[in-house]
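> So here's final30.txt (compact mmCIF, C-alpha atoms).
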# COMPACT_ATOMS: atom_id res chain seq x y z
CA MET A 24 109.41 122.79 54.66
CA ASN A 25 109.96 122.40 58.36
CA ARG A 26 112.48 119.92 59.55
CA PRO A 27 110.60 117.47 61.81
CA ALA A 28 111.42 117.80 65.49
CA PRO A 29 113.02 114.75 67.12
CA PRO A 30 110.33 112.26 68.19
CA PRO A 31 109.42 112.54 71.87
CA SER A 32 111.32 110.23 74.18
CA ASP A 33 109.55 107.81 76.47
CA GLU A 34 110.49 110.01 79.39
CA GLU A 35 108.91 113.05 77.74
CA LEU A 36 105.69 111.14 77.13
CA HIS A 37 105.46 110.23 80.80
CA ALA A 38 106.26 113.79 81.76
CA LEU A 39 103.45 114.98 79.48
CA VAL A 40 100.93 112.70 81.20
CA ASP A 41 102.17 113.68 84.67
CA GLY A 42 102.24 117.40 83.95
CA GLN A 43 105.99 117.48 84.55
CA LEU A 44 107.02 118.68 81.13
CA ALA A 45 108.76 122.02 80.71
CA GLN A 46 106.32 124.52 79.25
CA GLU A 47 108.34 125.26 76.13
CA ARG A 48 108.54 121.60 75.05
CA ARG A 49 104.92 120.83 75.85
CA ALA A 50 103.27 122.10 72.66
CA GLU A 51 105.88 120.35 70.54
CA ILE A 52 105.34 117.00 72.27
CA GLU A 53 101.57 117.33 72.11
CA GLU A 54 101.79 117.92 68.36
CA ALA A 55 104.02 114.89 67.92
CA VAL A 56 101.55 112.80 69.91
CA VAL A 57 98.64 113.83 67.73
CA ARG A 58 100.58 112.95 64.59
CA ASP A 59 101.21 109.35 65.67
CA PRO A 60 98.01 107.39 66.37
CA ALA A 61 99.84 104.62 68.24
CA VAL A 62 101.49 107.11 70.57
CA ALA A 63 98.22 109.01 70.94
CA ALA A 64 96.45 105.80 72.02
CA ARG A 65 99.18 105.04 74.53
CA ILE A 66 99.02 108.55 75.99
CA ALA A 67 95.22 108.37 76.23
CA ALA A 68 95.45 105.02 78.04
CA TRP A 69 98.05 106.36 80.45
CA ARG A 70 95.89 109.40 81.13
CA ARG A 71 92.84 107.25 81.87
CA GLN A 72 94.99 105.10 84.11
CA ARG A 73 96.33 108.10 85.93
CA GLU A 74 92.85 109.51 86.52
CA ALA A 75 91.57 106.14 87.75
CA LEU A 76 94.49 105.82 90.17
CA ARG A 77 93.88 109.29 91.50
CA ARG A 78 90.30 108.37 92.33
CA LEU A 79 91.42 105.19 94.09
CA HIS A 80 90.67 105.31 97.83
CA GLY A 81 89.99 109.03 97.53
CA GLU A 82 87.46 108.72 100.35
CA LEU A 83 90.36 108.22 102.78
CA LEU A 84 91.38 111.83 102.25
CA ASP A 85 88.15 113.05 103.83
CA GLU A 86 87.89 110.49 106.61
CA PRO A 87 88.72 111.59 110.13
CA ILE A 88 92.04 110.26 111.38
CA PRO A 89 91.48 106.89 113.12
CA ALA A 90 91.96 106.95 116.89
CA ALA A 91 94.83 104.46 116.76
CA LEU A 92 96.81 106.75 114.50
CA ALA A 93 96.02 109.88 116.49
CA ASP A 94 97.17 108.05 119.63
CA ALA A 95 100.38 106.91 117.96
CA LEU A 96 101.08 110.48 116.98
CA ASP A 97 100.41 111.75 120.52
CA ARG A 98 102.65 109.14 122.09
CA GLY A 99 105.41 109.77 119.59
CA LEU A 100 105.27 113.53 120.03
CA HIS A 101 105.21 113.22 123.78
CA ARG A 102 108.41 111.18 123.77
CA GLN A 103 109.96 113.48 121.25
CA GLY A 104 108.79 116.48 123.29
CA ASN A 105 110.75 115.40 126.34
CA TRP A 106 113.87 115.17 124.30
CA ALA A 107 113.27 118.42 122.50
CA ARG A 108 112.58 120.36 125.67
CA TRP A 109 116.03 119.69 127.11
CA GLY A 110 117.95 119.54 123.87
CA GLY A 111 116.08 122.55 122.56
CA MET A 112 116.79 124.61 125.62
CA ALA A 113 120.54 124.15 125.30
CA ALA A 114 120.36 124.79 121.58
CA GLY A 115 118.21 127.85 122.18
CA VAL A 116 120.79 129.46 124.42
CA LEU A 117 123.53 128.74 121.92
CA LEU A 118 121.45 130.07 119.06
CA ALA A 119 120.59 133.18 120.95
CA PHE A 120 124.28 133.88 121.34
CA ALA A 121 124.99 133.03 117.76
CA ALA A 122 122.07 135.07 116.47
CA GLY A 123 123.10 138.03 118.59
CA TRP A 124 126.67 137.92 117.45
CA LEU A 125 126.03 137.17 113.84
CA GLY A 126 123.02 139.40 113.55
CA ASN A 127 124.83 142.40 114.87
CA ALA A 128 127.96 141.70 112.96
CA LEU A 129 126.17 141.13 109.70
CA TRP A 130 123.52 143.65 109.23
CA ALA A 131 121.63 145.57 111.80
CA VAL A 132 119.36 148.27 110.48
CA HIS A 133 118.79 150.01 113.76
CA GLY A 134 121.00 147.87 115.95
CA ALA A 135 118.77 146.17 118.48
CA THR A 136 120.66 145.34 121.63
CA PRO A 137 121.95 141.83 122.21
CA SER A 138 120.18 141.68 125.57
CA MET A 139 116.83 142.10 123.89
CA GLN A 140 117.54 139.21 121.58
CA MET A 141 118.54 137.06 124.52
CA ALA A 142 115.25 137.81 126.22
CA ASN A 143 113.25 137.07 123.12
CA ALA A 144 115.36 134.25 121.81
CA PRO A 145 113.08 131.29 122.56
CA ALA A 146 109.97 132.96 121.16
CA THR A 147 111.82 134.35 118.17
CA ARG A 148 113.58 131.11 117.47
CA GLU A 149 110.28 129.28 117.63
CA PHE A 150 108.68 131.86 115.35
CA VAL A 151 111.41 131.67 112.74
CA HIS A 152 111.47 127.89 112.86
CA ASP A 153 107.68 127.81 112.36
CA ALA A 154 108.07 130.13 109.39
CA SER A 155 110.64 127.79 107.90
CA ILE A 156 108.51 124.69 108.46
CA ALA A 157 105.40 126.39 107.08
CA HIS A 158 107.37 127.23 103.97
CA ALA A 159 108.73 123.70 103.63
CA VAL A 160 105.25 122.23 103.98
CA TYR A 161 103.24 124.50 101.71
CA ALA A 162 105.67 125.79 99.10
CA PRO A 163 106.05 122.42 97.31
CA GLU A 164 102.26 121.96 97.31
CA LYS A 165 100.91 121.82 93.79
CA ARG A 166 97.18 121.62 94.27
CA HIS A 167 96.58 123.57 97.47
CA PRO A 168 99.50 125.90 98.10
CA VAL A 169 97.20 128.54 99.59
CA GLU A 170 93.78 128.74 101.20
CA VAL A 171 92.78 131.94 99.46
CA ALA A 172 94.26 132.70 96.06
CA ALA A 173 95.62 136.01 94.83
CA ALA A 174 92.50 136.52 92.71
CA GLU A 175 90.68 137.32 95.95
CA GLN A 176 93.45 139.45 97.35
CA GLN A 177 91.15 141.95 99.01
CA HIS A 178 89.24 139.23 100.80
CA LEU A 179 92.48 137.51 101.76
CA VAL A 180 93.94 140.62 103.34
CA GLN A 181 90.72 141.46 105.18
CA TRP A 182 90.38 137.94 106.50
CA LEU A 183 93.97 137.60 107.73
CA SER A 184 93.97 141.13 109.16
CA LYS A 185 90.91 140.24 111.16
CA ARG A 186 92.35 136.99 112.42
CA LEU A 187 95.69 138.55 113.38
CA ASP A 188 93.91 141.60 114.77
CA ARG A 189 96.09 144.00 112.86
CA PRO A 190 95.82 145.65 109.46
CA LEU A 191 98.04 143.61 107.18
CA LYS A 192 99.35 144.48 103.77
CA VAL A 193 100.72 142.34 100.99
CA PRO A 194 104.13 143.65 99.96
CA ASP A 195 104.74 144.19 96.28
CA LEU A 196 107.64 141.99 95.17
CA THR A 197 107.00 142.26 91.45
CA THR A 198 110.15 144.30 90.86
CA MET A 199 112.04 141.10 91.71
CA GLY A 200 109.73 139.01 89.56
CA TYR A 201 107.63 137.56 92.37
CA THR A 202 103.84 137.76 92.26
CA LEU A 203 101.34 136.80 94.91
CA VAL A 204 99.99 133.24 94.84
CA GLY A 205 97.76 133.76 97.87
CA GLY A 206 97.81 133.15 101.58
CA ARG A 207 96.73 131.02 104.46
CA LEU A 208 96.05 131.15 108.16
CA LEU A 209 98.25 129.10 110.46
CA PRO A 210 98.36 128.37 114.18
CA GLY A 211 101.22 129.76 116.28
CA GLU A 212 102.37 129.70 119.88
CA SER A 213 100.68 133.00 120.73
CA GLY A 214 97.78 133.03 118.29
CA ALA A 215 97.06 133.16 114.61
CA ARG A 216 99.73 133.57 112.00
CA ALA A 217 99.53 134.41 108.33
CA GLN A 218 101.52 133.14 105.41
CA PHE A 219 101.62 134.92 102.07
CA MET A 220 103.13 133.02 99.18
CA PHE A 221 104.82 134.49 96.14
CA GLU A 222 106.08 132.86 92.99
CA ASP A 223 108.36 133.85 90.14
CA ALA A 224 108.09 132.85 86.48
CA SER A 225 110.18 129.73 87.05
CA GLY A 226 107.85 128.55 89.83
CA GLU A 227 110.30 129.37 92.64
CA ARG A 228 108.36 130.32 95.76
CA VAL A 229 109.03 132.56 98.71
CA THR A 230 106.78 133.02 101.69
CA LEU A 231 106.22 135.88 104.09
CA TYR A 232 105.21 134.67 107.54
CA ILE A 233 103.65 137.10 109.98
CA GLY A 234 102.59 136.83 113.62
CA ILE A 235 102.63 138.36 117.06
CA LEU A 236 106.06 138.20 118.63
CA ASP A 237 105.68 139.31 122.20
CA SER A 238 108.29 141.23 124.09
CA PRO A 239 106.44 141.69 127.35
CA THR A 240 109.03 143.28 129.67
CA PRO A 241 109.11 147.10 129.69
CA ALA A 242 112.85 147.19 129.03
CA ASN A 243 112.22 145.52 125.73
CA THR A 244 109.37 147.69 124.58
CA ALA A 245 111.53 150.32 123.00
CA ALA A 246 113.83 147.78 121.46
CA SER A 247 111.03 145.71 120.03
CA ARG A 248 109.73 148.67 118.08
CA GLU A 249 113.01 148.74 116.35
CA THR A 250 113.98 146.40 113.65
CA ALA A 251 117.00 144.41 112.70
CA PHE A 252 117.26 141.93 109.93
CA ARG A 253 118.49 138.57 111.04
CA PHE A 254 119.36 135.55 109.01
CA ALA A 255 118.27 132.10 110.14
CA SER A 256 119.60 129.02 108.42
CA GLU A 257 118.44 126.36 110.85
CA GLY A 258 115.21 124.63 109.87
CA PRO A 259 114.40 123.29 106.45
CA VAL A 260 114.72 126.54 104.52
CA PRO A 261 116.63 129.71 105.35
CA SER A 262 114.91 132.98 106.13
CA PHE A 263 115.49 136.62 106.92
CA TYR A 264 113.34 137.91 109.72
CA TRP A 265 112.68 141.10 111.61
CA VAL A 266 110.52 142.38 114.41
CA ASP A 267 108.40 145.46 114.12
CA GLN A 268 106.16 146.76 116.89
CA GLY A 269 105.53 143.40 118.47
CA PHE A 270 105.05 141.65 115.15
CA GLY A 271 107.47 139.20 113.66
CA TYR A 272 108.04 138.89 109.92
CA ALA A 273 110.01 136.13 108.22
CA VAL A 274 110.77 135.86 104.51
CA ALA A 275 111.64 132.25 103.77
CA GLY A 276 112.72 130.51 100.60
CA LYS A 277 115.18 128.05 99.11
CA LEU A 278 117.21 130.90 97.67
CA PRO A 279 120.75 132.20 97.88
CA ARG A 280 121.25 134.38 100.88
CA ASP A 281 121.76 137.62 98.97
CA VAL A 282 118.57 137.14 96.92
CA LEU A 283 116.60 136.37 100.07
CA LEU A 284 117.99 139.47 101.72
CA LYS A 285 116.96 141.62 98.76
CA LEU A 286 113.45 140.20 98.92
CA ALA A 287 113.25 140.74 102.66
CA THR A 288 114.46 144.31 102.26
CA LEU A 289 111.91 144.96 99.56
CA ALA A 290 109.13 143.50 101.69
CA TYR A 291 110.24 145.45 104.72
CA ARG A 292 110.35 148.75 102.84
CA ASP A 293 107.00 148.14 101.26
CA LEU A 294 105.36 147.24 104.55
CA SER A 295 106.68 150.10 106.65
CA MET B 29 107.74 119.84 116.23
CA ASP B 30 104.21 120.79 115.40
CA ALA B 31 101.69 117.96 115.71
CA ARG B 32 99.43 119.65 113.22
CA LEU B 33 101.99 119.54 110.46
CA LEU B 34 102.34 115.80 110.87
CA ALA B 35 98.62 115.24 111.35
CA GLU B 36 97.91 117.07 108.08
CA GLN B 37 99.93 114.47 106.21
CA ILE B 38 98.09 111.48 107.66
CA PRO B 39 95.21 111.31 105.14
CA SER B 40 97.51 111.17 102.13
CA LEU B 41 99.85 108.72 103.87
CA ARG B 42 96.82 106.49 104.54
CA ARG B 43 95.59 106.62 100.98
CA TYR B 44 99.02 105.86 99.58
CA ALA B 45 99.56 103.00 102.04
CA ARG B 46 96.12 101.61 101.20
CA ALA B 47 96.86 101.57 97.48
CA LEU B 48 100.33 100.18 98.12
CA THR B 49 99.34 97.29 100.39
CA GLY B 50 95.83 96.68 99.06
CA ASN B 51 94.68 96.07 102.62
CA ALA B 52 93.10 98.53 105.06
CA TRP B 53 94.65 97.01 108.20
CA ALA B 54 98.11 96.60 106.78
CA ALA B 55 97.91 100.16 105.48
CA ASP B 56 97.06 101.74 108.82
CA ASP B 57 99.73 99.63 110.54
CA LEU B 58 102.21 100.97 108.05
CA VAL B 59 101.09 104.55 108.68
CA GLN B 60 101.31 104.00 112.43
CA ASP B 61 104.86 102.64 112.15
CA THR B 62 105.72 105.60 109.95
CA LEU B 63 104.41 108.14 112.47
CA GLU B 64 106.28 106.47 115.31
CA ARG B 65 109.49 106.34 113.35
CA ALA B 66 109.06 109.94 112.19
CA CYS B 67 108.65 111.15 115.77
CA SER B 68 111.71 109.30 116.99
CA LYS B 69 113.85 110.33 114.00
CA TRP B 70 112.60 113.87 113.91
CA ARG B 71 116.08 115.31 114.16
CA LEU B 72 116.98 113.72 110.85
CA TRP B 73 114.33 115.73 109.10
CA LEU B 74 115.81 119.09 110.04
CA VAL B 75 118.64 118.55 107.62
CA GLY B 76 116.23 117.87 104.78
CA SER B 77 113.63 120.21 103.47
CA ASP B 78 110.31 118.82 102.33
CA LEU B 79 108.34 117.25 105.20
CA ARG B 80 106.04 115.28 102.92
CA ALA B 81 108.90 113.76 100.91
CA TRP B 82 110.70 112.89 104.13
CA LEU B 83 107.63 111.14 105.57
CA PHE B 84 107.20 109.12 102.39
CA SER B 85 110.82 108.04 102.49
CA VAL B 86 110.38 106.99 106.14
CA MET B 87 107.33 104.99 105.09
CA HIS B 88 109.15 103.50 102.14
CA ASN B 89 112.02 102.29 104.32
CA ILE B 90 109.61 100.59 106.71
CA PHE B 91 107.69 98.98 103.86
CA ALA B 92 110.90 97.78 102.21
CA SER B 93 112.16 96.20 105.42
CA GLN B 94 108.78 94.50 105.94
CA LEU B 95 109.05 93.07 102.45
CA ARG B 96 112.49 91.71 103.18
CA ARG B 97 111.19 90.01 106.32
CA SER B 98 108.09 88.51 104.76
CA PRO B 99 107.80 88.37 100.99
CA PRO B 100 104.49 89.45 99.49
CA PRO B 101 101.78 86.80 99.78
CA HIS B 102 100.90 86.57 96.09
CA SER B 103 104.25 85.02 95.32
CA VAL B 104 103.56 82.07 97.66
CA VAL B 105 99.80 81.63 97.25
CA PRO B 106 99.06 78.40 95.32
CA LEU B 107 98.06 79.04 91.74
CA ASP B 108 94.58 77.62 92.15
CA GLU B 109 93.79 79.88 95.00
CA ALA B 110 95.13 82.90 93.19
CA ALA B 111 93.17 82.00 90.11
CA GLN B 112 90.06 81.61 92.18
CA GLU B 113 90.55 84.97 93.78
CA LEU B 114 91.22 86.59 90.46
CA HIS B 115 88.29 84.95 88.86
CA GLY B 116 86.08 86.58 91.44
CA GLY B 117 87.36 89.92 90.20
CA VAL B 118 86.52 89.33 86.57
CA ASP B 119 82.80 89.75 86.72
CA PRO B 120 81.57 90.96 83.34
CA GLY B 121 78.35 92.28 84.84
CA ARG B 122 80.12 94.73 87.07
CA ASP B 123 81.49 98.16 86.33
CA LEU B 124 85.01 97.27 85.36
CA GLY B 125 86.33 100.71 85.99
CA THR B 126 85.81 100.34 89.72
CA GLY B 127 88.58 100.69 92.22
CA LEU B 128 88.35 97.04 93.18
CA ASP B 129 89.64 95.87 89.82
CA LEU B 130 92.22 98.57 89.67
CA GLN B 131 93.50 97.66 93.14
CA ARG B 132 93.59 93.99 92.19
CA CYS B 133 95.64 94.70 89.08
CA LEU B 134 97.85 97.10 90.99
CA MET B 135 98.70 94.32 93.43
CA GLN B 136 100.02 92.25 90.55
CA LEU B 137 102.68 94.76 89.70
CA PRO B 138 106.06 94.16 91.29
CA GLU B 139 106.32 96.33 94.43
CA GLU B 140 109.09 98.50 93.01
CA GLN B 141 106.91 99.41 90.02
CA ARG B 142 103.78 99.91 92.10
CA ILE B 143 105.64 102.25 94.46
CA VAL B 144 106.94 104.48 91.68
CA LEU B 145 103.60 104.59 89.89
CA LEU B 146 101.74 105.56 93.07
CA LEU B 147 104.25 108.19 94.18
CA VAL B 148 104.03 109.85 90.77
CA THR B 149 100.30 109.61 90.09
CA LEU B 150 98.69 109.60 93.52
CA GLU B 151 101.10 111.89 95.31
CA ASP B 152 102.28 114.16 92.49
CA PHE B 153 105.93 113.80 93.36
CA SER B 154 108.31 114.89 90.61
CA TYR B 155 110.52 112.18 89.13
CA ALA B 156 113.52 113.69 90.90
CA GLU B 157 111.68 113.66 94.23
CA VAL B 158 110.71 110.01 93.75
CA ALA B 159 114.34 109.17 93.08
CA LYS B 160 115.27 110.91 96.32
CA VAL B 161 112.49 109.29 98.36
CA LEU B 162 113.49 105.82 97.16
CA GLY B 163 117.22 106.42 97.03
CA VAL B 164 117.54 105.18 93.44
CA PRO B 165 118.87 106.87 90.26
CA ALA B 166 116.43 108.93 88.18
CA GLY B 167 116.79 106.52 85.26
CA THR B 168 115.57 103.69 87.46
CA VAL B 169 112.48 105.71 88.37
CA MET B 170 111.67 106.26 84.71
CA SER B 171 112.12 102.63 83.70
CA ARG B 172 110.00 101.41 86.62
CA LEU B 173 107.30 103.95 85.79
CA SER B 174 107.33 102.91 82.17
CA ARG B 175 107.08 99.21 82.98
CA ALA B 176 104.38 99.86 85.58
CA ARG B 177 102.17 101.77 83.14
CA THR B 178 102.58 99.24 80.36
CA ARG B 179 101.91 96.30 82.66
CA LEU B 180 98.96 97.90 84.42
CA ARG B 181 97.41 98.73 81.07
CA GLU B 182 97.74 95.10 79.97
CA LEU B 183 96.31 93.89 83.25
CA MET B 184 93.34 96.24 83.15
CA GLU B 185 92.55 95.45 79.54
CA GLY B 186 92.81 91.76 80.39
CA ALA B 187 90.49 92.26 83.34
CA SER B 188 87.89 94.00 81.23
CA ALA B 189 87.87 91.37 78.47
CA PRO B 190 84.85 89.37 79.62
CA ASN B 191 85.62 85.98 78.14
CA ARG B 192 89.18 85.62 79.17
CA PRO B 193 89.79 83.17 82.01
CA GLY B 194 91.16 84.62 85.23
CA LEU B 195 94.33 82.60 84.97
CA ARG B 196 95.47 84.60 82.01
CA LEU B 197 95.96 87.50 84.35
CA LEU B 198 98.86 85.77 86.04
CA LYS B 199 101.14 85.82 83.03
Produce structure tokens that represent the structure in this file.

Amino acid sequence: MNRPAPPPSDEELHALVDGQLAQERRAEIEEAVVRDPAVAARIAAWRRQREALRRLHGELLDEPIPAALADALDRGLHRQGNWARWGGMAAGVLLAFAAGWLGNALWAVHGATPSMQMANAPATREFVHDASIAHAVYAPEKRHPVEVAAAEQQHLVQWLSKRLDRPLKVPDLTTMGYTLVGGRLLPGESGARAQFMFEDASGERVTLYIGILDSPTPANTAASRETAFRFASEGPVPSFYWVDQGFGYAVAGKLPRDVLLKLATLAYRDLS
Amino acid sequence: MDARLLAEQIPSLRRYARALTGNAWAADDLVQDTLERACSKWRLWLVGSDLRAWLFSVMHNIFASQLRRSPPPHSVVPLDEAAQELHGGVDPGRDLGTGLDLQRCLMQLPEEQRIVLLLVTLEDFSYAEVAKVLGVPAGTVMSRLSRARTRLRELMEGASAPNRPGLRLLK
């Protein structure tokens, strides 16, 4: 005869209702709930309550943003913009130096010249920061992490390739346990950008962010065809990024640096 | 900072604020204050990670300081008036599952319980994230959630019992 499992704690019952229970304990708790009519009634009531709350004021999600709020946002960003322009410029120069030094010292695949990074620093910095923000915004998303899911991978790749005006490819990261969740289109400084999202069995997510990264001066043309991995830790999540033939790639994730580097290397090899 | 990233969060901030305050004007004022504060404190976000969680904690701080300045009205409204208002909500002929009743009952929960319940159910924050947003221990989140669910269930069942006088809801 089986020894009965310990009765579910109050916390586990809430976690069951909120879908926050670890997978392996879920079946056990659900069984325990079914066995005890009082608990089952409580769980059913909580579930009804949760569903009712989630419908509450749902219409606000589809309403256009009221003018007063849009104005407040504009005013706030304008003020913030003035600060960021000056502060950002100084920081940009510093970062460019730091990135150049660190990047070269750490790991340069083909050794791009420091002067090229100086020239591209603002655009690159902006690109990498956008990649980091895009990760921070969409990776925690439970219901809508991507616009097009992995099930429609072919459509996803065609669509994003068309919008970025370049044949894209989804790198295969399965050897490191990461499978494709899907992707989305995002706006960038110089046009459309794409984000592919990957997830491992534990739900940890990494994103690959792709977009045009111009290097317009002739002196940089040769250099920009070459590639060097760089690590960026400013912004909400760290990333490894590289530039290849005028396109920037950033692999971002809340992961230890060495794991992120392995993923970036894998992605880079698979894409080139 | 990208305006679009902030703008994308506005609908869910509005819905949460609406459910929290129970009042459309107060809710949009709260969202507006949140956006202004977020823009001016933008630098503080860079050290964090999740934009959405950060915005909700900004909103929570504003709401909490508003509460300190002016306590919630239902604690000062005379009993008669409150009973009257409640009585209007207990209309046996109406669909009792409507949002109006739910919102009314929600407003009778203590703020700290209402906040936790809404962050978990409406916004899908994990318990750990809620603890971080509110700056309280995880155990506090769980006990508030538990009390909120129990109380809201009592309130809703009270509201749907047709013959019970409105005053009973105040217990």
> In Å, rounded to a single decimal, give me how far atom CA of Asp33 of chain A is from atom CA of Gly50 of chain B.
28.7 Å
> Counting only C-alpha atoms, collect the residues of chain A whose closest atom lies at most 9 Å from chain B, and write them out as JSON, numbers by chain.
{"A": [33, 34, 37, 38, 41, 43, 65, 68, 69, 72, 73, 74, 75, 76, 77, 78, 79, 80, 81, 82, 83, 84, 85, 86, 87, 88, 89, 91, 92, 93, 95, 96, 97, 98, 99, 100, 101, 102, 103, 104, 107, 153, 156, 157, 159, 160, 162, 163, 165, 210, 257, 258, 259, 260]}
> With C-alpha atoms retained, write the just-selected residues as an mmCIF file, in the coordinates of the input.

data_model
loop_
_atom_site.group_PDB
_atom_site.id
_atom_site.type_symbol
_atom_site.label_atom_id
_atom_site.label_comp_id
_atom_site.auth_asym_id
_atom_site.auth_seq_id
_atom_site.Cartn_x
_atom_site.Cartn_y
_atom_site.Cartn_z
ATOM 1 C CA ASP A 33 109.550 107.810 76.470
ATOM 2 C CA GLU A 34 110.490 110.010 79.390
ATOM 3 C CA HIS A 37 105.460 110.230 80.800
ATOM 4 C CA ALA A 38 106.260 113.790 81.760
ATOM 5 C CA ASP A 41 102.170 113.680 84.670
ATOM 6 C CA GLN A 43 105.990 117.480 84.550
ATOM 7 C CA ARG A 65 99.180 105.040 74.530
ATOM 8 C CA ALA A 68 95.450 105.020 78.040
ATOM 9 C CA TRP A 69 98.050 106.360 80.450
ATOM 10 C CA GLN A 72 94.990 105.100 84.110
ATOM 11 C CA ARG A 73 96.330 108.100 85.930
ATOM 12 C CA GLU A 74 92.850 109.510 86.520
ATOM 13 C CA ALA A 75 91.570 106.140 87.750
ATOM 14 C CA LEU A 76 94.490 105.820 90.170
ATOM 15 C CA ARG A 77 93.880 109.290 91.500
ATOM 16 C CA ARG A 78 90.300 108.370 92.330
ATOM 17 C CA LEU A 79 91.420 105.190 94.090
ATOM 18 C CA HIS A 80 90.670 105.310 97.830
ATOM 19 C CA GLY A 81 89.990 109.030 97.530
ATOM 20 C CA GLU A 82 87.460 108.720 100.350
ATOM 21 C CA LEU A 83 90.360 108.220 102.780
ATOM 22 C CA LEU A 84 91.380 111.830 102.250
ATOM 23 C CA ASP A 85 88.150 113.050 103.830
ATOM 24 C CA GLU A 86 87.890 110.490 106.610
ATOM 25 C CA PRO A 87 88.720 111.590 110.130
ATOM 26 C CA ILE A 88 92.040 110.260 111.380
ATOM 27 C CA PRO A 89 91.480 106.890 113.120
ATOM 28 C CA ALA A 91 94.830 104.460 116.760
ATOM 29 C CA LEU A 92 96.810 106.750 114.500
ATOM 30 C CA ALA A 93 96.020 109.880 116.490
ATOM 31 C CA ALA A 95 100.380 106.910 117.960
ATOM 32 C CA LEU A 96 101.080 110.480 116.980
ATOM 33 C CA ASP A 97 100.410 111.750 120.520
ATOM 34 C CA ARG A 98 102.650 109.140 122.090
ATOM 35 C CA GLY A 99 105.410 109.770 119.590
ATOM 36 C CA LEU A 100 105.270 113.530 120.030
ATOM 37 C CA HIS A 101 105.210 113.220 123.780
ATOM 38 C CA ARG A 102 108.410 111.180 123.770
ATOM 39 C CA GLN A 103 109.960 113.480 121.250
ATOM 40 C CA GLY A 104 108.790 116.480 123.290
ATOM 41 C CA ALA A 107 113.270 118.420 122.500
ATOM 42 C CA ASP A 153 107.680 127.810 112.360
ATOM 43 C CA ILE A 156 108.510 124.690 108.460
ATOM 44 C CA ALA A 157 105.400 126.390 107.080
ATOM 45 C CA ALA A 159 108.730 123.700 103.630
ATOM 46 C CA VAL A 160 105.250 122.230 103.980
ATOM 47 C CA ALA A 162 105.670 125.790 99.100
ATOM 48 C CA PRO A 163 106.050 122.420 97.310
ATOM 49 C CA LYS A 165 100.910 121.820 93.790
ATOM 50 C CA PRO A 210 98.360 128.370 114.180
ATOM 51 C CA GLU A 257 118.440 126.360 110.850
ATOM 52 C CA GLY A 258 115.210 124.630 109.870
ATOM 53 C CA PRO A 259 114.400 123.290 106.450
ATOM 54 C CA VAL A 260 114.720 126.540 104.520
#
> Give me the residues within 9 Å of segment 176-179 of chain A as a list in words, counting only C-alpha atoms and dropping any in the same chain fewer than 4 places off.
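Final neighbour list, sorted by chain and number: Glu170, Val171, Ala172, Leu183, Ser184, Val193, Leu203, Gly205, Gly206 and Arg207 of chain A.
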> If you measure from atom CA of Val40 of chain A to atom CA of Arg166 of chain A, what distance in Å do you get, rounded to one decimal?
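The value is 16.3 Å.
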> For Arg175 of chain B, which residue among B:Arg97, B:Ala52, B:Glu140, B:His88 is the nearest when counting all atoms listed in the file?
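Distance minimum relative to Arg175 of chain B lands on B:Glu140.
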> Under the rule that only C-alpha atoms are counted, which of A:Leu294, A:Leu191, A:Val204, A:Val151 is the nearest residue to Tyr264 of chain A?
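Answer, going by the shortest atom-to-atom distance: A:Val151.
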> Report, in Å to a single decimal, how far apart atom CA of Arg70 of chain A and atom CA of Leu137 of chain B are.
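Atom-to-atom, atom CA of Leu137 of chain B and atom CA of Arg70 of chain A are spaced 18.3 Å apart.
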> What lies within 6 Å of segment 269-281 of chain A using all atoms listed in the file, ignoring chain neighbours under 2 positions off, as JSON, numbers by chain?
{"A": [229, 230, 231, 232, 233, 234, 235, 236, 237, 260, 261, 262, 263, 264, 265, 266, 267, 283, 284, 287]}
> Which residue, B:Arg96, B:Ile90, B:Lys160, B:Trp82, has the smallest gap to Ala55 of chain B when you use all atoms listed in the file?
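So, comparing all the options, the nearest one is B:Ile90.
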> Using all atoms listed in the file, can you tell me which of A:Lys185, A:Ala64, A:Glu51, A:Tyr161 comes closest to Gln218 of chain A?
A:Tyr161
